[in-house]
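Chemist: Below is the file start.pdb, which contains PDB, C-alpha atoms, pLDDT in the B column.
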ATOM      1  CA  GLY A 153      31.207  32.830  31.502  1.00 57.00           C
ATOM      2  CA  ALA A 154      29.856  30.437  34.081  1.00 65.00           C
ATOM      3  CA  VAL A 155      28.115  27.337  32.858  1.00 82.00           C
ATOM      4  CA  VAL A 156      26.765  26.315  36.244  1.00 89.00           C
ATOM      5  CA  SER A 157      25.569  28.675  38.947  1.00 90.00           C
ATOM      6  CA  GLN A 158      24.973  27.878  42.589  1.00 93.00           C
ATOM      7  CA  HIS A 159      23.082  29.956  45.104  1.00 94.00           C
ATOM      8  CA  PRO A 160      23.714  30.927  47.789  1.00 95.00           C
ATOM      9  CA  SER A 161      27.501  30.912  47.718  1.00 92.00           C
ATOM     10  CA  TRP A 162      27.552  30.889  51.484  1.00 93.00           C
ATOM     11  CA  VAL A 163      24.952  30.526  54.199  1.00 96.00           C
ATOM     12  CA  ILE A 164      24.970  30.490  57.985  1.00 96.00           C
ATOM     13  CA  CYS A 165      22.051  28.928  59.804  1.00 95.00           C
ATOM     14  CA  LYS A 166      21.028  27.816  63.249  1.00 96.00           C
ATOM     15  CA  SER A 167      20.995  24.185  64.227  1.00 96.00           C
ATOM     16  CA  GLY A 168      17.652  22.561  63.481  1.00 96.00           C
ATOM     17  CA  THR A 169      16.736  24.741  60.534  1.00 96.00           C
ATOM     18  CA  SER A 170      16.631  23.687  56.888  1.00 97.00           C
ATOM     19  CA  VAL A 171      18.690  25.198  54.110  1.00 97.00           C
ATOM     20  CA  LYS A 172      18.079  25.025  50.364  1.00 97.00           C
ATOM     21  CA  ILE A 173      20.879  25.298  47.823  1.00 97.00           C
ATOM     22  CA  GLU A 174      20.111  25.832  44.153  1.00 96.00           C
ATOM     23  CA  CYS A 175      22.111  24.649  41.174  1.00 94.00           C
ATOM     24  CA  ARG A 176      21.321  26.083  37.767  1.00 93.00           C
ATOM     25  CA  SER A 177      22.624  24.986  34.405  1.00 89.00           C
ATOM     26  CA  LEU A 178      23.010  28.184  32.399  1.00 87.00           C
ATOM     27  CA  ASP A 179      24.165  27.019  28.993  1.00 80.00           C
ATOM     28  CA  PHE A 180      22.332  23.780  28.334  1.00 77.00           C
ATOM     29  CA  GLN A 181      19.593  21.523  29.546  1.00 81.00           C
ATOM     30  CA  ALA A 182      20.786  18.916  31.968  1.00 83.00           C
ATOM     31  CA  THR A 183      18.928  15.699  32.644  1.00 81.00           C
ATOM     32  CA  THR A 184      21.573  14.736  35.177  1.00 85.00           C
ATOM     33  CA  MET A 185      23.228  16.792  37.873  1.00 90.00           C
ATOM     34  CA  PHE A 186      25.546  15.626  40.623  1.00 92.00           C
ATOM     35  CA  TRP A 187      25.851  16.861  44.182  1.00 95.00           C
ATOM     36  CA  TYR A 188      29.200  16.663  45.957  1.00 94.00           C
ATOM     37  CA  ARG A 189      30.324  17.497  49.445  1.00 94.00           C
ATOM     38  CA  GLN A 190      33.809  18.724  50.235  1.00 89.00           C
ATOM     39  CA  PHE A 191      35.351  18.872  53.693  1.00 81.00           C
ATOM     40  CA  PRO A 192      38.354  21.123  54.357  1.00 76.00           C
ATOM     41  CA  LYS A 193      41.550  19.679  52.924  1.00 72.00           C
ATOM     42  CA  GLN A 194      39.655  16.668  51.662  1.00 76.00           C
ATOM     43  CA  SER A 195      38.338  15.332  48.422  1.00 81.00           C
ATOM     44  CA  LEU A 196      34.945  15.813  46.879  1.00 87.00           C
ATOM     45  CA  MET A 197      32.590  13.067  47.920  1.00 90.00           C
ATOM     46  CA  LEU A 198      29.688  12.295  45.630  1.00 91.00           C
ATOM     47  CA  MET A 199      26.429  12.489  47.560  1.00 94.00           C
ATOM     48  CA  ALA A 200      23.817  11.832  44.935  1.00 93.00           C
ATOM     49  CA  THR A 201      22.903  11.899  41.297  1.00 91.00           C
ATOM     50  CA  SER A 202      19.954  14.131  40.529  1.00 88.00           C
ATOM     51  CA  ASN A 203      17.738  12.995  37.660  1.00 83.00           C
ATOM     52  CA  GLU A 204      15.244  15.337  36.060  1.00 83.00           C
ATOM     53  CA  GLY A 205      11.705  14.185  36.646  1.00 82.00           C
ATOM     54  CA  SER A 206      12.589  11.250  38.849  1.00 84.00           C
ATOM     55  CA  LYS A 207      14.048  10.403  42.229  1.00 88.00           C
ATOM     56  CA  ALA A 208      17.653  11.094  42.983  1.00 91.00           C
ATOM     57  CA  THR A 209      20.110   8.236  43.334  1.00 91.00           C
ATOM     58  CA  TYR A 210      21.997   8.481  46.598  1.00 94.00           C
ATOM     59  CA  GLU A 211      25.446   7.117  47.337  1.00 92.00           C
ATOM     60  CA  GLN A 212      25.908   4.634  50.107  1.00 91.00           C
ATOM     61  CA  GLY A 213      25.920   6.247  53.503  1.00 93.00           C
ATOM     62  CA  VAL A 214      24.117   9.427  52.448  1.00 94.00           C
ATOM     63  CA  GLU A 215      20.824   9.981  54.249  1.00 94.00           C
ATOM     64  CA  LYS A 216      18.170  10.676  51.644  1.00 93.00           C
ATOM     65  CA  ASP A 217      15.793  12.098  54.232  1.00 94.00           C
ATOM     66  CA  LYS A 218      18.485  14.449  55.433  1.00 96.00           C
ATOM     67  CA  PHE A 219      19.600  15.676  52.036  1.00 96.00           C
ATOM     68  CA  LEU A 220      16.551  16.197  49.873  1.00 95.00           C
ATOM     69  CA  ILE A 221      17.205  16.606  46.182  1.00 94.00           C
ATOM     70  CA  ASN A 222      14.698  17.917  43.707  1.00 90.00           C
ATOM     71  CA  HIS A 223      15.372  18.167  39.980  1.00 89.00           C
ATOM     72  CA  ALA A 224      12.167  19.760  38.826  1.00 81.00           C
ATOM     73  CA  SER A 225      13.371  21.151  35.514  1.00 87.00           C
ATOM     74  CA  LEU A 226      16.149  20.623  33.015  1.00 87.00           C
ATOM     75  CA  THR A 227      18.046  23.624  34.337  1.00 89.00           C
ATOM     76  CA  LEU A 228      17.496  23.505  38.084  1.00 92.00           C
ATOM     77  CA  SER A 229      18.314  21.079  40.860  1.00 93.00           C
ATOM     78  CA  THR A 230      17.988  21.881  44.548  1.00 95.00           C
ATOM     79  CA  LEU A 231      19.605  20.344  47.604  1.00 96.00           C
ATOM     80  CA  THR A 232      17.839  20.873  50.910  1.00 97.00           C
ATOM     81  CA  VAL A 233      19.707  20.097  54.096  1.00 97.00           C
ATOM     82  CA  THR A 234      16.947  19.350  56.559  1.00 96.00           C
ATOM     83  CA  SER A 235      17.245  19.920  60.297  1.00 96.00           C
ATOM     84  CA  ALA A 236      20.841  20.969  59.845  1.00 96.00           C
ATOM     85  CA  HIS A 237      23.411  20.290  62.550  1.00 95.00           C
ATOM     86  CA  PRO A 238      26.979  21.564  62.963  1.00 95.00           C
ATOM     87  CA  GLU A 239      28.358  18.350  61.464  1.00 94.00           C
ATOM     88  CA  ASP A 240      26.545  19.228  58.227  1.00 95.00           C
ATOM     89  CA  SER A 241      28.769  22.278  57.863  1.00 95.00           C
ATOM     90  CA  SER A 242      30.613  21.760  54.625  1.00 94.00           C
ATOM     91  CA  PHE A 243      31.172  22.954  51.083  1.00 92.00           C
ATOM     92  CA  TYR A 244      28.492  21.637  48.725  1.00 95.00           C
ATOM     93  CA  ILE A 245      29.231  21.570  45.023  1.00 94.00           C
ATOM     94  CA  CYS A 246      26.990  20.649  42.122  1.00 94.00           C
ATOM     95  CA  SER A 247      28.056  19.576  38.686  1.00 91.00           C
ATOM     96  CA  VAL A 248      26.272  19.293  35.402  1.00 87.00           C
ATOM     97  CA  ARG A 249      27.065  16.962  32.550  1.00 79.00           C
ATOM     98  CA  SER A 250      26.890  18.301  29.056  1.00 70.00           C
ATOM     99  CA  TRP A 251      25.202  16.168  26.487  1.00 61.00           C
ATOM    100  CA  GLY A 252      27.573  13.459  25.301  1.00 51.00           C
ATOM    101  CA  GLY A 253      25.388  11.318  23.101  1.00 48.00           C
ATOM    102  CA  VAL A 254      24.813   7.645  23.698  1.00 44.00           C
ATOM    103  CA  THR A 255      28.172   7.168  25.364  1.00 42.00           C
ATOM    104  CA  ASN A 256      27.442   9.861  27.930  1.00 47.00           C
ATOM    105  CA  THR A 257      30.997  11.124  27.712  1.00 52.00           C
ATOM    106  CA  GLY A 258      29.994  14.742  28.017  1.00 64.00           C
ATOM    107  CA  GLU A 259      32.188  16.991  30.094  1.00 73.00           C
ATOM    108  CA  LEU A 260      31.256  17.811  33.652  1.00 81.00           C
ATOM    109  CA  PHE A 261      30.947  21.462  34.649  1.00 85.00           C
ATOM    110  CA  PHE A 262      31.027  22.495  38.281  1.00 89.00           C
ATOM    111  CA  GLY A 263      29.320  25.232  40.207  1.00 90.00           C
ATOM    112  CA  GLU A 264      31.229  27.610  42.433  1.00 88.00           C
ATOM    113  CA  GLY A 265      30.103  25.759  45.517  1.00 91.00           C
ATOM    114  CA  SER A 266      28.004  26.738  48.513  1.00 94.00           C
ATOM    115  CA  ARG A 267      29.574  26.952  51.943  1.00 93.00           C
ATOM    116  CA  LEU A 268      27.185  25.990  54.709  1.00 95.00           C
ATOM    117  CA  THR A 269      27.951  26.819  58.325  1.00 95.00           C
ATOM    118  CA  VAL A 270      25.567  25.504  60.949  1.00 96.00           C
ATOM    119  CA  LEU A 271      25.843  27.149  64.342  1.00 95.00           C
TER     120      LEU A 271
ATOM    121  CA  GLY B 157      35.986  -0.190  44.214  1.00 79.00           C
ATOM    122  CA  ASN B 158      37.475   2.636  42.222  1.00 83.00           C
ATOM    123  CA  SER B 159      39.730   5.073  44.029  1.00 89.00           C
ATOM    124  CA  VAL B 160      42.228   7.856  43.393  1.00 93.00           C
ATOM    125  CA  THR B 161      45.240   8.752  45.502  1.00 94.00           C
ATOM    126  CA  GLN B 162      47.161  12.011  45.176  1.00 93.00           C
ATOM    127  CA  MET B 163      50.300  13.238  46.830  1.00 88.00           C
ATOM    128  CA  GLU B 164      49.604  15.294  49.889  1.00 86.00           C
ATOM    129  CA  GLY B 165      50.001  19.013  49.878  1.00 86.00           C
ATOM    130  CA  PRO B 166      50.559  21.761  50.278  1.00 93.00           C
ATOM    131  CA  VAL B 167      53.219  21.994  47.620  1.00 95.00           C
ATOM    132  CA  THR B 168      55.158  25.251  47.683  1.00 97.00           C
ATOM    133  CA  LEU B 169      57.318  26.207  44.721  1.00 97.00           C
ATOM    134  CA  SER B 170      59.127  29.243  43.438  1.00 97.00           C
ATOM    135  CA  GLU B 171      58.063  30.771  40.168  1.00 97.00           C
ATOM    136  CA  GLU B 172      59.479  28.967  37.101  1.00 96.00           C
ATOM    137  CA  ALA B 173      60.108  25.773  39.060  1.00 97.00           C
ATOM    138  CA  PHE B 174      59.155  22.359  37.698  1.00 97.00           C
ATOM    139  CA  LEU B 175      55.942  20.873  39.039  1.00 97.00           C
ATOM    140  CA  THR B 176      54.941  17.261  39.515  1.00 97.00           C
ATOM    141  CA  ILE B 177      51.809  16.206  41.356  1.00 97.00           C
ATOM    142  CA  ASN B 178      51.522  12.455  41.618  1.00 97.00           C
ATOM    143  CA  CYS B 179      48.253  10.636  41.070  1.00 97.00           C
ATOM    144  CA  THR B 180      47.619   6.911  41.090  1.00 97.00           C
ATOM    145  CA  TYR B 181      44.362   5.097  40.700  1.00 95.00           C
ATOM    146  CA  THR B 182      42.639   1.802  41.334  1.00 93.00           C
ATOM    147  CA  ALA B 183      39.952   0.764  38.907  1.00 89.00           C
ATOM    148  CA  THR B 184      38.717  -2.161  36.917  1.00 81.00           C
ATOM    149  CA  GLY B 185      39.249  -1.954  33.205  1.00 79.00           C
ATOM    150  CA  TYR B 186      40.187   1.288  31.551  1.00 82.00           C
ATOM    151  CA  PRO B 187      38.797   4.364  33.259  1.00 89.00           C
ATOM    152  CA  SER B 188      38.951   7.876  31.879  1.00 91.00           C
ATOM    153  CA  LEU B 189      41.269  10.128  33.863  1.00 94.00           C
ATOM    154  CA  PHE B 190      41.016  13.834  34.588  1.00 94.00           C
ATOM    155  CA  TRP B 191      42.754  16.695  36.301  1.00 96.00           C
ATOM    156  CA  TYR B 192      40.586  19.473  37.670  1.00 94.00           C
ATOM    157  CA  VAL B 193      41.778  22.778  39.113  1.00 95.00           C
ATOM    158  CA  GLN B 194      40.047  24.869  41.752  1.00 90.00           C
ATOM    159  CA  TYR B 195      41.225  28.454  42.013  1.00 90.00           C
ATOM    160  CA  PRO B 196      40.513  30.310  45.254  1.00 84.00           C
ATOM    161  CA  GLY B 197      36.849  31.150  45.545  1.00 77.00           C
ATOM    162  CA  GLU B 198      35.893  29.404  42.327  1.00 79.00           C
ATOM    163  CA  GLY B 199      34.380  26.123  41.231  1.00 80.00           C
ATOM    164  CA  LEU B 200      36.298  23.230  39.742  1.00 87.00           C
ATOM    165  CA  GLN B 201      37.423  23.532  36.139  1.00 89.00           C
ATOM    166  CA  LEU B 202      38.553  20.750  33.887  1.00 91.00           C
ATOM    167  CA  LEU B 203      42.269  21.153  33.236  1.00 95.00           C
ATOM    168  CA  LEU B 204      42.974  18.135  31.069  1.00 95.00           C
ATOM    169  CA  LYS B 205      41.890  14.574  30.459  1.00 93.00           C
ATOM    170  CA  ALA B 206      42.906  11.271  28.896  1.00 94.00           C
ATOM    171  CA  THR B 207      40.540   8.516  27.943  1.00 90.00           C
ATOM    172  CA  LYS B 208      42.838   5.621  27.084  1.00 90.00           C
ATOM    173  CA  ALA B 209      46.238   4.211  27.910  1.00 92.00           C
ATOM    174  CA  ASP B 210      49.249   6.216  26.689  1.00 95.00           C
ATOM    175  CA  ASP B 211      47.083   9.234  25.909  1.00 95.00           C
ATOM    176  CA  LYS B 212      48.611  12.540  26.952  1.00 97.00           C
ATOM    177  CA  GLY B 213      46.329  15.326  28.067  1.00 96.00           C
ATOM    178  CA  SER B 214      47.656  18.859  27.933  1.00 97.00           C
ATOM    179  CA  ASN B 215      46.405  22.371  28.585  1.00 96.00           C
ATOM    180  CA  LYS B 216      47.903  25.693  29.696  1.00 95.00           C
ATOM    181  CA  GLY B 217      51.370  24.164  29.849  1.00 97.00           C
ATOM    182  CA  PHE B 218      50.231  21.291  32.060  1.00 98.00           C
ATOM    183  CA  GLU B 219      50.580  17.697  30.903  1.00 98.00           C
ATOM    184  CA  ALA B 220      49.635  14.266  32.186  1.00 98.00           C
ATOM    185  CA  THR B 221      50.106  10.865  30.562  1.00 98.00           C
ATOM    186  CA  TYR B 222      47.779   7.928  31.178  1.00 96.00           C
ATOM    187  CA  ARG B 223      50.084   5.097  32.289  1.00 96.00           C
ATOM    188  CA  LYS B 224      48.228   1.827  32.553  1.00 93.00           C
ATOM    189  CA  GLU B 225      51.279  -0.161  33.619  1.00 94.00           C
ATOM    190  CA  THR B 226      51.803   2.000  36.677  1.00 95.00           C
ATOM    191  CA  THR B 227      48.130   3.055  37.056  1.00 95.00           C
ATOM    192  CA  SER B 228      49.257   6.648  37.204  1.00 97.00           C
ATOM    193  CA  PHE B 229      48.313  10.023  35.766  1.00 98.00           C
ATOM    194  CA  HIS B 230      50.894  12.427  37.164  1.00 98.00           C
ATOM    195  CA  LEU B 231      50.454  16.132  36.472  1.00 98.00           C
ATOM    196  CA  GLU B 232      53.492  18.081  35.293  1.00 98.00           C
ATOM    197  CA  LYS B 233      54.377  21.605  34.273  1.00 98.00           C
ATOM    198  CA  GLY B 234      57.797  22.771  33.234  1.00 97.00           C
ATOM    199  CA  SER B 235      57.630  26.295  34.657  1.00 96.00           C
ATOM    200  CA  VAL B 236      54.949  27.295  37.131  1.00 97.00           C
ATOM    201  CA  GLN B 237      53.623  30.791  37.601  1.00 97.00           C
ATOM    202  CA  VAL B 238      52.097  32.524  40.600  1.00 96.00           C
ATOM    203  CA  SER B 239      48.739  32.337  38.818  1.00 96.00           C
ATOM    204  CA  ASP B 240      48.932  28.524  38.950  1.00 97.00           C
ATOM    205  CA  SER B 241      48.370  28.632  42.704  1.00 96.00           C
ATOM    206  CA  ALA B 242      45.259  26.538  43.248  1.00 95.00           C
ATOM    207  CA  VAL B 243      44.062  23.138  44.410  1.00 93.00           C
ATOM    208  CA  TYR B 244      44.452  20.351  41.870  1.00 96.00           C
ATOM    209  CA  PHE B 245      42.242  17.277  41.847  1.00 95.00           C
ATOM    210  CA  CYS B 246      42.886  14.037  40.032  1.00 96.00           C
ATOM    211  CA  ALA B 247      39.733  12.123  39.140  1.00 94.00           C
ATOM    212  CA  LEU B 248      38.553   9.066  37.277  1.00 92.00           C
ATOM    213  CA  ARG B 249      35.367   8.004  35.609  1.00 87.00           C
ATOM    214  CA  GLY B 250      34.927   4.268  35.613  1.00 76.00           C
ATOM    215  CA  LEU B 251      34.257   1.718  32.958  1.00 63.00           C
ATOM    216  CA  TYR B 252      30.964   2.211  31.128  1.00 59.00           C
ATOM    217  CA  ASN B 253      30.939   5.695  32.637  1.00 55.00           C
ATOM    218  CA  GLN B 254      28.867   4.573  35.628  1.00 56.00           C
ATOM    219  CA  GLY B 255      26.407   7.325  34.956  1.00 60.00           C
ATOM    220  CA  GLY B 256      29.119   9.913  34.514  1.00 65.00           C
ATOM    221  CA  LYS B 257      30.166   9.855  38.168  1.00 76.00           C
ATOM    222  CA  LEU B 258      33.643  11.078  38.964  1.00 85.00           C
ATOM    223  CA  ILE B 259      35.787   9.698  41.774  1.00 87.00           C
ATOM    224  CA  PHE B 260      38.168  12.355  43.094  1.00 91.00           C
ATOM    225  CA  GLY B 261      41.473  12.268  44.857  1.00 92.00           C
ATOM    226  CA  GLN B 262      41.865  14.340  47.985  1.00 90.00           C
ATOM    227  CA  GLY B 263      43.295  17.335  46.168  1.00 92.00           C
ATOM    228  CA  THR B 264      46.754  18.877  46.285  1.00 94.00           C
ATOM    229  CA  GLU B 265      47.181  22.515  47.127  1.00 94.00           C
ATOM    230  CA  LEU B 266      49.851  24.300  45.110  1.00 96.00           C
ATOM    231  CA  SER B 267      51.310  27.599  46.222  1.00 96.00           C
ATOM    232  CA  VAL B 268      53.712  29.381  43.876  1.00 97.00           C
ATOM    233  CA  LYS B 269      55.820  32.183  45.332  1.00 96.00           C
ATOM    234  CA  PRO B 270      57.255  35.015  43.227  1.00 95.00           C
TER     235      PRO B 270
END
Could I get this structure in the form of structure tokens?

Modeler:
Amino acid sequence: GAVVSQHPSWVICKSGTSVKIECRSLDFQATTMFWYRQFPKQSLMLMATSNEGSKATYEQGVEKDKFLINHASLTLSTLTVTSAHPEDSSFYICSVRSWGGVTNTGELFFGEGSRLTVL
Amino acid sequence: GNSVTQMEGPVTLSEEAFLTINCTYTATGYPSLFWYVQYPGEGLQLLLKATKADDKGSNKGFEATYRKETTSFHLEKGSVQVSDSAVYFCALRGLYNQGGKLIFGQGTELSVKP
């Protein structure tokens, strides 16, 4: 069964509204989750690393005020796209790293993705 | 910085044909290398991995060998099936794991016809 669950799987919203996407780790507690963005026919681009109980670490070029990440518990991270615009339309995917000991070599598990369409 | 380059798709093959999807990388040191598969409507799944030079990862009939000398990790399968139709992503995780972050190639769509 699924290890990581995302919700919603797809969402359509009007320009200017905010959208929240949830990522849940179902099988284990995750101190670290990753948020990716995927454009059609393109690769996954890492947006940020979500750390339980602390601030997320954003990749260069990603607006932290635009993409709010909250990792309030060991099984849930949320991505909120604030004041969404059509250019934010994309496929957002979260991943969770299983515990890999001190070397942090645990496998990454991916959610099914959430397709956001901003009108 | 680290990067991954895959051959462009889509790749269209007949059932039982031989598959090669090329992947080359740029990284300092010795990254870990991965192939992920994304079936239609699903999330990414780890297909296989290799963590050091000359390692061969294999799963479900797919294979890839970590070639340091050519900085490559090409994916191969001797006889593809219709059920192999999916998008395949090559990825690397850098030296010292860099927090577990994966760098992905652009993905290669495979379509297998009966």

Chemist: If you take all atoms listed in the file and a cut-off of 6 Å, which residues of chain A touch chain B, and what are their nearest atom pairs and distances in Å to one decimal, in chain and number order, as a tab-separated table?

Modeler:
residue	atom	partner	partner_atom	distance
A:Gln194	CA	B:Gln262	CA	4.9
A:Ser195	CA	B:Gln262	CA	3.7
A:Phe262	CA	B:Leu200	CA	5.5
A:Gly263	CA	B:Gly199	CA	5.2
A:Glu264	CA	B:Gly199	CA	3.7

Chemist: Starting from the point (15.6, 24.0, 58.4), work out which residues of protein, DNA or RNA have an atom no more than 9 Å away when counting only C-alpha atoms; state them as a compact mmCIF listing (two decimals) with C-alpha atoms, in the frame of the given file.

Modeler:
# COMPACT_ATOMS: atom_id res chain seq x y z
CA CYS A 165 22.05 28.93 59.80
CA LYS A 166 21.03 27.82 63.25
CA SER A 167 21.00 24.18 64.23
CA GLY A 168 17.65 22.56 63.48
CA THR A 169 16.74 24.74 60.53
CA SER A 170 16.63 23.69 56.89
CA VAL A 171 18.69 25.20 54.11
CA LYS A 172 18.08 25.02 50.36
CA THR A 232 17.84 20.87 50.91
CA VAL A 233 19.71 20.10 54.10
CA THR A 234 16.95 19.35 56.56
CA SER A 235 17.24 19.92 60.30
CA ALA A 236 20.84 20.97 59.84

Chemist: Do you know which residues the PyMOL selection byres ((chain A and resi 244) around 8) returns on this file, as a list in words?

Modeler: Trp187, Tyr188, Arg189, Gln190, Ser242, Phe243, Ile245, Cys246, Gly265, Ser266, Arg267 and Leu268 of chain A

Chemist: Could you tell me which of A:Ile164, A:Ser202, A:Gln212, A:His223 comes closest to Pro238 (chain A) if we count only C-alpha atoms?

Modeler: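 Under the stated criterion, the closest residue is A:Ile164.
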
Chemist: Rounded to one decimal, what separation in Å do you get between CA of Thr201 (chain A) and CA of His159 (chain A)?

Modeler: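 So the two atoms, CA of Thr201 (chain A) and CA of His159 (chain A), lie 18.5 Å apart.
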
Chemist: The centre and edge lengths of an axis-aligned box containing all atoms of region 215-221 of chain B present in the file, extended by 4 Å on each side, are to be given in Å to one decimal, as lines of an AutoDock Vina configuration file.

Modeler:
center_x = 48.9
center_y = 18.3
center_z = 30.4
size_x = 13.0
size_y = 22.8
size_z = 11.6

Chemist: Using Å and a single decimal, report how far CA of Thr209 (chain A) sits from CA of Tyr186 (chain B).

Modeler: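 Between CA of Tyr186 (chain B) and CA of Thr209 (chain A) the gap works out to 24.3 Å.
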
Chemist: Please list as number ranges by chain every residue within 7 Å of region 174-180 of chain B, counting only C-alpha atoms and excluding residues in the same chain fewer than 4 positions away.

Modeler: B: 160-163, 227-236, 246
